[in-house]
Structure formats: structure tokens, C-alpha cells
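Visitor: One file is attached below, target_21.cif, containing mmCIF, C-alpha atoms.
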data_protein
loop_
_atom_site.label_atom_id
_atom_site.label_comp_id
_atom_site.auth_asym_id
_atom_site.auth_seq_id
_atom_site.Cartn_x
_atom_site.Cartn_y
_atom_site.Cartn_z
CA MET E 800 -13.30 18.67 21.36
CA ILE E 801 -16.28 16.36 20.94
CA THR E 802 -16.19 12.90 22.49
CA ASP E 803 -18.75 10.53 21.01
CA SER E 804 -19.29 7.57 18.70
CA PHE E 805 -19.92 8.00 14.99
CA PRO E 806 -23.17 9.94 14.33
CA CYS E 807 -25.07 7.38 12.28
CA TRP E 808 -28.11 9.61 12.04
CA LEU E 809 -26.37 11.68 9.33
CA ASN E 810 -27.35 9.01 6.78
CA SER E 811 -30.89 10.35 6.97
CA LEU E 812 -29.78 13.79 5.75
CA SER E 813 -30.39 13.54 2.03
CA ASN E 814 -28.84 16.93 1.23
CA LEU E 815 -25.64 16.50 3.24
CA HIS E 816 -22.71 16.96 0.84
CA LEU E 817 -19.93 17.99 3.21
CA PHE E 818 -19.08 16.25 6.49
CA VAL E 819 -16.04 17.40 8.52
CA ILE E 820 -15.39 16.31 12.13
CA ARG E 821 -11.59 16.50 12.02
CA SER E 822 -9.50 16.70 15.23
CA ASN E 823 -12.02 15.51 17.79
CA ARG E 824 -12.37 12.45 20.01
CA PHE E 825 -14.91 10.44 18.09
CA HIS E 826 -14.32 6.74 18.60
CA GLY E 827 -15.52 3.26 17.66
CA ASN E 828 -16.24 1.92 14.17
CA ILE E 829 -17.80 3.59 11.16
CA THR E 830 -19.91 0.69 9.90
CA CYS E 831 -22.91 2.95 9.39
CA LEU E 832 -21.07 5.51 7.24
CA GLY E 833 -22.34 5.69 3.69
CA SER E 834 -24.49 8.49 2.37
CA ASN E 835 -25.63 8.90 -1.23
CA SER E 836 -25.17 12.68 -1.10
CA LEU E 837 -21.75 12.99 0.60
CA GLN E 838 -18.82 14.10 -1.53
CA ILE E 839 -16.40 15.52 1.06
CA ILE E 840 -15.78 13.31 4.11
CA ASP E 841 -13.12 14.34 6.63
CA ILE E 842 -12.96 12.31 9.85
CA ALA E 843 -9.19 12.61 10.30
CA SER E 844 -7.39 12.82 13.65
CA ASN E 845 -9.97 11.06 15.79
CA ARG E 846 -9.98 7.72 17.57
CA PHE E 847 -11.91 5.60 15.10
CA SER E 848 -10.95 1.93 14.82
CA GLY E 849 -12.05 -1.36 13.31
CA VAL E 850 -12.06 -2.45 9.67
CA LEU E 851 -13.44 -0.44 6.79
CA PRO E 852 -16.94 -1.85 6.15
CA LEU E 853 -17.50 -3.66 2.85
CA THR E 854 -20.30 -1.27 1.86
CA LEU E 855 -18.31 1.87 2.72
CA PHE E 856 -17.41 3.15 -0.74
CA THR E 857 -20.42 1.75 -2.58
CA GLY E 858 -22.67 4.05 -0.55
CA PHE E 859 -21.12 7.25 -1.90
CA ARG E 860 -23.29 7.42 -5.00
CA ARG E 861 -22.55 11.06 -5.65
CA ILE E 862 -18.83 10.33 -5.91
CA ILE E 863 -19.38 7.20 -7.98
CA ASN E 864 -21.64 8.75 -10.59
CA ASN E 865 -22.32 12.46 -10.79
CA THR E 866 -24.35 12.91 -13.97
CA GLN E 867 -24.68 16.69 -13.79
CA SER E 868 -23.65 18.28 -17.07
CA LYS E 869 -23.32 21.82 -15.68
CA LEU E 870 -20.77 22.89 -13.08
CA ASN E 871 -22.13 24.50 -9.93
CA TYR E 872 -20.92 25.39 -6.46
CA LEU E 873 -22.26 23.65 -3.38
CA TYR E 874 -24.81 25.75 -1.56
CA PHE E 875 -27.82 25.41 0.70
CA LYS E 876 -31.18 27.08 0.15
CA HIS E 877 -33.47 28.01 2.98
CA PRO E 878 -36.44 25.62 2.85
CA ALA E 879 -38.97 28.43 3.34
CA ASN E 880 -37.32 31.09 1.17
CA SER E 881 -35.21 30.09 -1.80
CA ALA E 882 -33.77 33.60 -2.02
CA ILE E 883 -31.87 32.93 1.21
CA TYR E 884 -28.94 30.59 0.80
CA TYR E 885 -25.30 30.17 1.73
CA GLN E 886 -22.41 28.61 -0.10
CA ASP E 887 -20.55 25.72 1.46
CA SER E 888 -16.91 26.24 2.39
CA ALA E 889 -14.38 23.99 4.10
CA SER E 890 -10.74 23.60 5.02
CA VAL E 891 -9.37 20.49 3.35
CA VAL E 892 -5.87 19.02 3.55
CA PHE E 893 -5.24 18.94 -0.15
CA LYS E 894 -1.92 18.06 -1.81
CA GLY E 895 -0.13 18.04 1.54
CA THR E 896 -1.31 21.40 2.85
CA SER E 897 -4.46 22.73 4.49
CA ARG E 898 -6.45 24.85 2.09
CA LYS E 899 -9.60 26.86 2.64
CA PHE E 900 -12.17 26.36 -0.10
CA GLU E 901 -14.53 29.34 -0.02
CA LYS E 902 -16.47 27.86 -2.90
CA ILE E 903 -16.65 24.15 -3.60
CA LEU E 904 -17.44 22.82 -7.04
CA ASP E 905 -20.03 20.10 -6.99
CA ILE E 906 -17.61 17.81 -8.84
CA PHE E 907 -14.91 18.02 -6.14
CA ALA E 908 -14.78 14.91 -3.94
CA SER E 909 -12.39 13.86 -1.19
CA ILE E 910 -12.04 11.28 1.59
CA ASP E 911 -9.73 11.80 4.57
CA PHE E 912 -9.61 9.03 7.20
CA SER E 913 -6.04 9.74 8.30
CA ASN E 914 -4.65 9.61 11.84
CA ASN E 915 -7.03 7.01 13.23
CA SER E 916 -6.64 3.31 14.06
CA PHE E 917 -8.36 1.60 11.13
CA GLN E 918 -7.30 -1.97 10.40
CA GLY E 919 -7.85 -4.52 7.65
CA SER E 920 -7.37 -4.07 3.94
CA ILE E 921 -8.22 -1.28 1.53
CA LEU E 922 -11.46 -2.25 -0.15
CA VAL E 923 -11.42 -3.13 -3.84
CA THR E 924 -14.56 -1.00 -4.23
CA VAL E 925 -12.43 2.13 -3.79
CA GLY E 926 -12.02 1.88 -7.57
CA ASP E 927 -15.72 2.72 -7.98
CA LEU E 928 -15.15 6.30 -6.77
CA LYS E 929 -14.46 7.56 -10.27
CA LEU E 930 -14.89 11.24 -9.38
CA ILE E 931 -12.66 11.23 -6.29
CA GLN E 932 -9.74 13.65 -6.33
CA LEU E 933 -8.24 13.18 -2.87
CA VAL E 934 -7.78 9.99 -0.83
CA ASN E 935 -5.93 10.12 2.49
CA LEU E 936 -5.81 6.92 4.59
CA SER E 937 -2.40 7.60 6.13
CA HIS E 938 -1.33 6.93 9.71
CA ASN E 939 -3.57 3.95 10.37
CA ALA E 940 -2.90 0.22 10.65
CA LEU E 941 -4.20 -0.89 7.26
CA SER E 942 -2.63 -4.06 5.85
CA GLY E 943 -2.74 -6.25 2.77
CA PRO E 944 -2.00 -5.34 -0.85
CA LEU E 945 -2.78 -2.16 -2.76
CA PRO E 946 -5.90 -2.95 -4.81
CA VAL E 947 -5.39 -2.87 -8.56
CA SER E 948 -8.71 -1.02 -8.80
CA ILE E 949 -6.96 2.19 -7.67
CA GLY E 950 -5.96 2.48 -11.31
CA LYS E 951 -9.60 3.28 -12.13
CA LEU E 952 -9.49 6.57 -10.21
CA ILE E 953 -8.81 8.60 -13.33
CA ASN E 954 -9.49 11.96 -11.61
CA LEU E 955 -7.30 11.27 -8.58
CA GLU E 956 -4.85 14.09 -7.80
CA SER E 957 -3.63 13.20 -4.30
CA LEU E 958 -3.12 9.76 -2.75
CA ASP E 959 -1.61 9.36 0.73
CA LEU E 960 -1.37 5.83 2.16
CA SER E 961 1.76 6.42 4.22
CA VAL E 962 2.50 4.93 7.66
CA ASN E 963 0.41 1.79 7.44
CA LYS E 964 1.26 -1.89 7.09
CA LEU E 965 0.48 -2.34 3.40
CA SER E 966 2.38 -5.15 1.69
CA GLY E 967 2.96 -6.62 -1.73
CA SER E 968 3.93 -4.78 -4.89
CA ILE E 969 2.80 -1.42 -6.24
CA PRO E 970 0.24 -2.04 -9.03
CA GLN E 971 1.38 -1.01 -12.48
CA GLN E 972 -2.05 0.59 -12.93
CA LEU E 973 -1.03 3.29 -10.46
CA ALA E 974 1.50 4.58 -12.97
CA SER E 975 -1.29 5.33 -15.47
CA LEU E 976 -3.03 7.98 -13.32
CA SER E 977 -2.21 11.04 -15.39
CA PHE E 978 -3.67 13.62 -12.96
CA LEU E 979 -1.85 12.33 -9.87
CA LEU E 980 0.18 15.20 -8.43
CA VAL E 981 0.78 13.94 -4.86
CA LEU E 982 1.71 10.35 -3.97
CA ASN E 983 2.90 9.11 -0.59
CA LEU E 984 3.38 5.37 -0.01
CA SER E 985 6.20 5.76 2.50
CA TYR E 986 6.67 3.67 5.63
CA ASN E 987 4.75 0.56 4.71
CA GLU E 988 5.88 -2.99 3.96
CA LEU E 989 5.74 -2.79 0.16
CA SER E 990 8.18 -4.77 -1.98
CA GLY E 991 9.28 -5.30 -5.55
CA ARG E 992 10.13 -2.93 -8.36
CA ILE E 993 8.55 0.54 -8.41
CA PRO E 994 6.54 0.76 -11.65
CA ARG E 995 7.60 3.24 -14.32
CA GLY E 996 5.41 5.75 -16.08
CA SER E 997 5.39 9.35 -17.26
CA GLN E 998 3.58 10.54 -14.12
CA ILE E 999 4.90 8.24 -11.40
CA ASP E 1000 8.47 8.98 -12.57
CA THR E 1001 8.02 12.58 -11.39
CA PHE E 1002 7.82 11.61 -7.70
CA ARG E 1003 10.85 11.76 -5.43
CA ASP E 1004 12.20 9.05 -3.17
CA SER E 1005 10.25 10.55 -0.25
CA SER E 1006 7.12 9.01 -1.77
CA PHE E 1007 8.52 5.49 -1.30
CA ILE E 1008 11.04 5.54 1.58
CA GLY E 1009 10.50 3.28 4.59
CA ASN E 1010 9.62 0.23 2.45
CA GLN E 1011 12.58 -2.10 2.84
CA GLY E 1012 11.52 -4.35 -0.01
CA LEU E 1013 11.07 -1.67 -2.68
CA CYS E 1014 13.70 -1.08 -5.33
CA GLY E 1015 14.25 0.89 -8.49
CA THR E 1016 13.93 4.56 -9.44
CA PRO E 1017 13.76 6.94 -7.60
CA LEU E 1018 15.19 4.95 -4.67
CA ASN E 1019 18.93 4.49 -4.44
CA LYS E 1020 18.50 0.73 -4.55
CA SER E 1021 18.79 -1.34 -7.71
CA CYS E 1022 16.58 -4.33 -8.35
CA SER E 1023 17.75 -7.86 -8.96
CA VAL E 1024 16.92 -9.51 -12.28
CA ASN E 1025 13.95 -11.35 -10.82
CA ALA E 1026 12.86 -8.70 -8.31
CA THR E 1027 9.27 -8.93 -9.46
CA SER E 1028 9.23 -12.64 -10.23
CA GLU E 1029 7.65 -15.29 -8.10
CA LEU E 1030 9.57 -16.21 -4.99
CA PRO E 1031 11.25 -19.63 -4.88
CA ARG E 1032 9.13 -22.47 -3.60
CA GLU E 1033 9.23 -22.79 0.16
CA THR E 1034 10.47 -26.05 1.62
CA ASP E 1035 8.08 -28.36 3.41
CA GLU E 1036 7.55 -27.83 7.11
CA ASP E 1037 9.27 -31.10 7.96
CA GLY E 1038 12.35 -30.07 5.99
CA SER E 1039 12.09 -33.06 3.62
CA ASP E 1040 13.54 -31.08 0.71
CA LEU E 1041 16.63 -30.33 2.78
CA TYR E 1042 17.14 -33.97 3.69
CA VAL E 1043 16.77 -35.06 0.06
CA SER E 1044 19.39 -32.50 -1.03
CA ILE E 1045 21.83 -33.68 1.62
CA GLY E 1046 21.30 -37.29 0.58
CA VAL E 1047 21.88 -36.57 -3.10
CA GLY E 1048 25.03 -34.57 -2.30
CA PHE E 1049 26.41 -37.41 -0.20
CA VAL E 1050 25.86 -40.00 -2.91
CA VAL E 1051 27.48 -37.82 -5.59
CA GLY E 1052 30.48 -37.09 -3.36
CA PHE E 1053 30.90 -40.75 -2.51
CA VAL E 1054 30.78 -41.87 -6.14
CA MET E 1055 33.22 -39.20 -7.37
CA ILE E 1056 35.83 -39.33 -4.59
CA VAL E 1057 35.50 -42.38 -2.35
CA GLY E 1058 34.22 -44.77 -5.00
CA PRO E 1059 37.45 -44.90 -7.08
CA LEU E 1060 39.53 -45.51 -3.96
CA VAL E 1061 37.41 -48.49 -3.02
CA PHE E 1062 36.83 -50.11 -6.38
CA LEU E 1063 39.98 -49.28 -8.43
CA ARG E 1064 43.03 -51.15 -7.09
CA LYS E 1065 45.67 -49.23 -9.09
CA TRP E 1066 44.27 -45.83 -8.06
CA ARG E 1067 44.09 -46.96 -4.43
CA THR E 1068 47.72 -48.14 -4.49
CA TRP E 1069 48.92 -44.93 -6.22
CA CYS E 1070 47.05 -42.73 -3.76
CA GLY E 1071 48.40 -44.69 -0.78
CA ASN E 1072 52.03 -44.40 -1.94
CA HIS E 1073 51.74 -40.65 -2.52
CA VAL E 1074 50.13 -40.06 0.85
CA ASP E 1075 52.85 -42.11 2.59
CA GLY E 1076 55.55 -40.14 0.76
CA LEU E 1077 53.99 -36.83 1.73
CA VAL E 1078 53.79 -37.84 5.39
CA SER E 1079 57.45 -39.01 5.35
CA ARG E 1080 58.63 -35.64 3.98
CA ILE E 1081 56.67 -33.73 6.58
CA VAL E 1082 58.09 -35.86 9.44
CA LYS E 1083 61.61 -35.60 8.07
CA THR E 1084 61.40 -31.83 7.78
CA LYS E 1085 60.16 -31.55 11.34
CA ASP E 1086 63.05 -33.71 12.72
CA GLU E 1087 65.64 -31.59 10.94
#
Kindly present the structure from the file in C-alpha cells form.
Guide:
Amino acid sequence: MITDSFPCWLNSLSNLHLFVIRSNRFHGNITCLGSNSLQIIDIASNRFSGVLPLTLFTGFRRIINNTQSKLNYLYFKHPANSAIYYQDSASVVFKGTSRKFEKILDIFASIDFSNNSFQGSILVTVGDLKLIQLVNLSHNALSGPLPVSIGKLINLESLDLSVNKLSGSIPQQLASLSFLLVLNLSYNELSGRIPRGSQIDTFRDSSFIGNQGLCGTPLNKSCSVNATSELPRETDEDGSDLYVSIGVGFVVGFVMIVGPLVFLRKWRTWCGNHVDGLVSRIVKTKDE
């Protein structure tokens, strides 16, 4: 295993397309990560921490906009002799299992930051990675809502955000990803109704379990009528709303019950006679 901080010098490698340092002891932040040529980044199972830098996803120009019209495999030519070259290969955790890619199409793109200690929110700019097919940010400490921009990842096939601290509702836009074959949002703090759609309806409850606030299909938990509506207004910190409610209730109760006894003489006399009679019967029964 390698123990070191993130190798920032890799940004100077203009032909670096594949970067895998999985299962080592790299540590610290990744603020310097962002290479125009990278399309497969696997830094899973290390000791990285800190927040995801704001410029992280905007630096992956090859994933954002690959304008090549002809499909090719990734390969490297010898700088002195173009006849000597080798094709790139890599083992990538894809769709839940580790797969060895002997040949990698130059349109395949993936990001795997799982099993680290990243914090903060998922950047909205993740939606710019239009060519990405795999995103794995699971087993970190990411928080905040799921960005709506995830719905722009039209080529996404596998999304794993499990075991984080993500909150809020699941964006409806996620249900429109027609190529999504693997989805895991389990064990977060998500809430509200699970959106419906032809693709998202194919996932089992294992994709959503561990979120106490989620409801709807495929979970065995029905939603209330206003499950996705705005929460009721919170009371003021000094509890003034509570005091006002108590005061109003007291006045209404006084007017409806005590008021007639005080202001209506006949009703007061009738009520007094009936109460006296009731007490007399109770005492008499007890003496017998």
C-alpha cells in the first residue's frame, strides 16, 4: 500500500486518461484534482477527506464534452516510435461488481470516490458531466440535498450514493434517466415520496432502505396525502404561538360554558338545583 497525499503533479500529464489508486492509504484533500484529459478516476478505499472542491467536476473537460465522432479504444503510443503502443485496461467496479476492461472505449467515463471521508454537499456541477456512465460516492459523509442537475446525466448507468448523510427529497428528474440500470440511495437521511417513472420503478426496496423519511413504492410504507408538501410553519422560539392558542381556547371555553352560568339567572338556578339533586341521590345511596 502507498501512503501519501494526493499527487497533484498528475494535472501536468496532458495525455492521462485513466487514473486508478484504489485501496491505498492516500490521505488529505483533493483540491488539486481536475485534469482535462481524465475520463476514468478511481480513488476509492483510501483516507481522503475534506469537501469536494468547487472546480472539481468542471475540470474534467473530456467527460463534459467529447466531440470525437469516431469510436476508438484508449491506447498509448510510444513517443519515439508510433508503431509501438499498448491499449489501456483497468478493473472498474461497475454496476455493483468488479469488472476487468481489457479495452476501454474513449467514450466510457466513470468516477469512484467511495469509501473515503469526504464531507459537504454534492456539487451542482456534477450535472455538467454529460458523458459520465458511472458515479460512486458511497460510504462517505456527504450531506445536503441531491442536486437536481443529476437529471442531466443522460448517459448515466450506475449511481451509488449510499451510506452518506444526504437529506431532502429525491429529485423527480432522477426518474427520467432512461439508461440508469443501478441505483443505490440507501442509508441516508432522505425524505418524502419516491418519484415514479418507467425506469426508477424497476428498482427494488434495497435501493432506498435506511431512509426513515422515504415513503411510497417500492418501500412497504405508504405516504400521507401531503407527504411532499411544505411542512407546517414552525412556532416562534419564544413559544408565542402556543400562548396565543391557549388564550383563545380559554376565552372560547369561558364564553360557552362558564358565561351562561354567570350571566343567565334561570340557567344558573336550574343547574344548581340539578347538581344539588344529584349530590343528594349519591349521598343517599351511599348511606343505604
Visitor: By how many Å are atom CA of Ile842 of chain E and atom CA of Ser913 of chain E apart?
Guide: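 Result for atom CA of Ile842 of chain E versus atom CA of Ser913 of chain E: 7.5 Å, one decimal.
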Visitor: Considering all atoms listed in the file, return as a PDB file with C-alpha atoms, in the coordinates of the input whatever protein or nucleic-acid residues lie within 9 Å of Ser961 of chain E, sequence-local ones (same chain, fewer than 2 positions apart) excluded.
Guide:
ATOM      1  CA  ASN E 935      -5.930  10.120   2.490  1.00  0.00           C
ATOM      2  CA  LEU E 936      -5.810   6.920   4.590  1.00  0.00           C
ATOM      3  CA  SER E 937      -2.400   7.600   6.130  1.00  0.00           C
ATOM      4  CA  HIS E 938      -1.330   6.930   9.710  1.00  0.00           C
ATOM      5  CA  ASN E 939      -3.570   3.950  10.370  1.00  0.00           C
ATOM      6  CA  ASP E 959      -1.610   9.360   0.730  1.00  0.00           C
ATOM      7  CA  ASN E 963       0.410   1.790   7.440  1.00  0.00           C
ATOM      8  CA  LYS E 964       1.260  -1.890   7.090  1.00  0.00           C
ATOM      9  CA  LEU E 965       0.480  -2.340   3.400  1.00  0.00           C
ATOM     10  CA  ASN E 983       2.900   9.110  -0.590  1.00  0.00           C
ATOM     11  CA  LEU E 984       3.380   5.370  -0.010  1.00  0.00           C
ATOM     12  CA  SER E 985       6.200   5.760   2.500  1.00  0.00           C
ATOM     13  CA  TYR E 986       6.670   3.670   5.630  1.00  0.00           C
ATOM     14  CA  ASN E 987       4.750   0.560   4.710  1.00  0.00           C
ATOM     15  CA  SER E1006       7.120   9.010  -1.770  1.00  0.00           C
ATOM     16  CA  PHE E1007       8.520   5.490  -1.300  1.00  0.00           C
TER      17      PHE E1007
END
Visitor: Need to verify the contact set: segment 967-976 of chain E, 6 Å, only C-alpha atoms, exclusion of same-chain residues closer than 3 positions in sequence. Can you return it as a PDB file with C-alpha atoms, in the frame of the given file?
Guide:
ATOM      1  CA  PRO E 944      -2.000  -5.340  -0.850  1.00  0.00           C
ATOM      2  CA  VAL E 947      -5.390  -2.870  -8.560  1.00  0.00           C
ATOM      3  CA  GLY E 950      -5.960   2.480 -11.310  1.00  0.00           C
ATOM      4  CA  ILE E 953      -8.810   8.600 -13.330  1.00  0.00           C
ATOM      5  CA  LEU E 979      -1.850  12.330  -9.870  1.00  0.00           C
ATOM      6  CA  LEU E 989       5.740  -2.790   0.160  1.00  0.00           C
ATOM      7  CA  SER E 990       8.180  -4.770  -1.980  1.00  0.00           C
ATOM      8  CA  GLY E 991       9.280  -5.300  -5.550  1.00  0.00           C
ATOM      9  CA  PRO E 994       6.540   0.760 -11.650  1.00  0.00           C
ATOM     10  CA  GLY E 996       5.410   5.750 -16.080  1.00  0.00           C
ATOM     11  CA  ILE E 999       4.900   8.240 -11.400  1.00  0.00           C
TER      12      ILE E 999
END
Visitor: Run the PyMOL selection byres ((chain E and resi 843-856) around 8) on the file and write out the hits as a PyMOL selection string.
Guide: chain E and resi 820-830+832-833+841-842+857-859+911-922+924-925+927-928
Visitor: I want to know what sits within 8 Å of Val923 of chain E, based on all atoms listed in the file, with residues of the same chain fewer than 5 positions away left out; could you give that as a ChimeraX atom specification?
Guide: /E:946-949
Visitor: One number please: atom CA of Ile840 of chain E to atom CA of Leu933 of chain E, in Å, one decimal.
Guide: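 Separation between atom CA of Ile840 of chain E and atom CA of Leu933 of chain E: 10.3 Å.
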Visitor: Please evaluate the PyMOL selection byres ((chain E and resi 930) around 6) against the displayed coordinates and give the resulting residues as a list of chain:residue names.
Guide: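 That selection, the PyMOL selection byres ((chain E and resi 930) around 6), comes back as E:Ile862, E:Leu928, E:Lys929, E:Ile931, E:Asn954.
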Visitor: Between atom CA of Ser997 of chain E and atom CA of Cys1014 of chain E, what is the distance in Å, rounded to a tenth?
Guide: 17.9 Å
Visitor: Between E:Trp808, E:Val1024, E:Glu988, E:Ser977, which residue has the minimum interatomic distance to Thr1001 of chain E, considering all atoms listed in the file?
Guide: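 Checking each of E:Trp808, E:Val1024, E:Glu988, E:Ser977 against Thr1001 of chain E, counting all atoms listed in the file, the winner is E:Ser977.
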Visitor: Can you sort out the box for segment 820-830 of chain E, edges along x, y and z, all listed atoms in, 5 Å on every side, with centre and edge lengths in Å to one decimal, as JSON?
Guide:
{"center_x": -14.7, "center_y": 8.7, "center_z": 15.0, "size_x": 20.4, "size_y": 26.0, "size_z": 20.1}
Visitor: Identify, on the basis of only C-alpha atoms, every residue whose closest approach to Leu980 of chain E does not exceed 9 Å; exclude the query and any residue fewer than 3 positions from it along the same chain; express the result as an MDAnalysis selection string.
Guide: chainID E and resid 894 955:958 977 998:999 1001:1002
Visitor: Nearest residue to Phe978 of chain E out of E:His816, E:Arg1003, E:Lys1020, E:Lys951, using only C-alpha atoms?
Guide: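 Closest to Phe978 of chain E of all the choices is E:Lys951.
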